[in-house]
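A.B. asks: Dropping the structure in here first, questions after.
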Amino acid sequence: MTDFSPISDQEQKIIDQALKIFLENSTVPCTSCQYCLPCTVGIDIPALFKIYNHYLITKHKSEFIREYEKIVLDKRADQCISCGECMTHCPQKINIPVRMQEIVELYENIKST
């Protein structure tokens, strides 16, 4: 490999910027395998992640609100008690309680605007 040359500082900056954008817009890596179910308090975790991921991709606020509000009140993300039981079964090792809180915050932020 005599023609190898390391990336330049400018190229590294571009990579860092792309990574930042990617991480800011990355979806929850849920495959809907349902290993996290049943939730201790009855939350439909895969359904919530599906709605959340769709929003992260489309940024359609009204659609997010409409789909989220279709979920029965006692099955929504704000009911999560952060017990972590679901995480012990998740093959993707998703921090589900943290992601549930993100969904709650998104819902509250959109509703307040």
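Ordering of the structure tokens sets the chain letters (A, B, ...); residue numbers start at 1 within each chain; ligands are numbered from 1 in the order shown.
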For Pro29 (chain A), find every residue with an atom within 9 Å (counting only C-alpha atoms), except residues of its own chain fewer than 5 positions away, and show them as a ChimeraX atom specification.

C.D. replies: /A:49,53,92,94

A.B. asks: Set the distance at 10 Å and use only C-alpha atoms: which residues neighbour Arg99 (chain A) once local chain neighbours fewer than 3 positions away are removed? I'd like the list as an MDAnalysis selection string.

C.D. replies: chainID A and resid 28 45 48:49 52 77 94:96 102:105

A.B. asks: Can you tell me, as an MDAnalysis selection string, what residues are no more than 10 Å from Glu85 (chain A) when counting only C-alpha atoms, ignoring any on the same chain fewer than 5 positions away?

C.D. replies: chainID A and resid 36:40 90 96:97

A.B. asks: Between CA of Lys59 (chain A) and CA of Gln79 (chain A), what is the distance, to one decimal in Å?

C.D. replies: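 Result for CA of Lys59 (chain A) versus CA of Gln79 (chain A): 23.9 Å, one decimal.
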
A.B. asks: Write out as a list in words each polymer residue whose atoms come within 9 Å of Lys75 (chain A), counting only C-alpha atoms; drop sequence neighbours fewer than 2 positions from it.

C.D. replies: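 The residues satisfying every condition are Val41, Gly42, Ile43, Asp44, Ile45, Ile71, Val72, Leu73, Ala77, Asp78, Gln79 and Cys80 of chain A.
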
A.B. asks: Please dump the current selection as a PDB file, in the first residue's frame; keep C-alpha atoms.

C.D. replies:
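Saved the output as selection.pdb:
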```pdb
ATOM      1  CA  VAL A  41     -46.837  -1.634  33.291  1.00  0.00           C
ATOM      2  CA  GLY A  42     -48.270  -2.640  29.910  1.00  0.00           C
ATOM      3  CA  ILE A  43     -46.543  -0.177  27.588  1.00  0.00           C
ATOM      4  CA  ASP A  44     -46.449  -1.262  23.934  1.00  0.00           C
ATOM      5  CA  ILE A  45     -42.766  -0.475  23.494  1.00  0.00           C
ATOM      6  CA  ILE A  71     -52.458   4.819  22.135  1.00  0.00           C
ATOM      7  CA  VAL A  72     -54.522   4.172  25.255  1.00  0.00           C
ATOM      8  CA  LEU A  73     -53.507   6.568  28.051  1.00  0.00           C
ATOM      9  CA  ALA A  77     -44.455   6.359  27.236  1.00  0.00           C
ATOM     10  CA  ASP A  78     -45.146   8.542  30.274  1.00  0.00           C
ATOM     11  CA  GLN A  79     -46.242   5.426  32.165  1.00  0.00           C
ATOM     12  CA  CYS A  80     -42.710   3.989  32.081  1.00  0.00           C
TER      13      CYS A  80
END
```

A.B. asks: If you measure from CA of Glu11 (chain A) to CA of Asn25 (chain A), what distance in Å do you get, rounded to one decimal?

C.D. replies: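 Interatomic distance, CA of Glu11 (chain A) to CA of Asn25 (chain A): 21.3 Å.
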
A.B. asks: When you draw a straight line from CA of Lys111 (chain A) to CA of Lys70 (chain A), how long is it in Å?

C.D. replies: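 Between these atoms lies a distance of 14.7 Å.
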
A.B. asks: If DSSP is run on the backbone, what residues of region 2-104 of chain A are helix (DSSP H, G or I)? A reply as JSON, numbers by chain would be ideal.

C.D. replies: {"A": [9, 10, 11, 12, 13, 14, 15, 16, 17, 18, 19, 20, 21, 22, 23, 24, 45, 46, 47, 48, 49, 50, 51, 52, 53, 54, 55, 56, 57, 58, 61, 62, 63, 64, 65, 66, 67, 68, 69, 73, 74, 75, 77, 78, 79, 86, 87, 88, 96, 97, 98, 99, 100, 101, 102, 103, 104]}

A.B. asks: When you count only C-alpha atoms, which of these residues is closest to Ser32 (chain A): A:Asp16, A:Phe4, A:Glu67, A:Pro91?

C.D. replies: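 Of A:Asp16, A:Phe4, A:Glu67, A:Pro91, the one nearest Ser32 (chain A), counting only C-alpha atoms, is A:Pro91.
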
A.B. asks: I want to know what sits within 9 Å of Ile51 (chain A), based on only C-alpha atoms, with residues of the same chain fewer than 4 positions away left out; could you give that as a ChimeraX atom specification?

C.D. replies: /A:46-47,55-56,63-64,67-68

A.B. asks: Which residue out of A:Ile7, A:Ile65, A:Ile57, A:Thr113 has the minimum interatomic distance to Glu24 (chain A) when only C-alpha atoms are used?

C.D. replies: A:Ile57
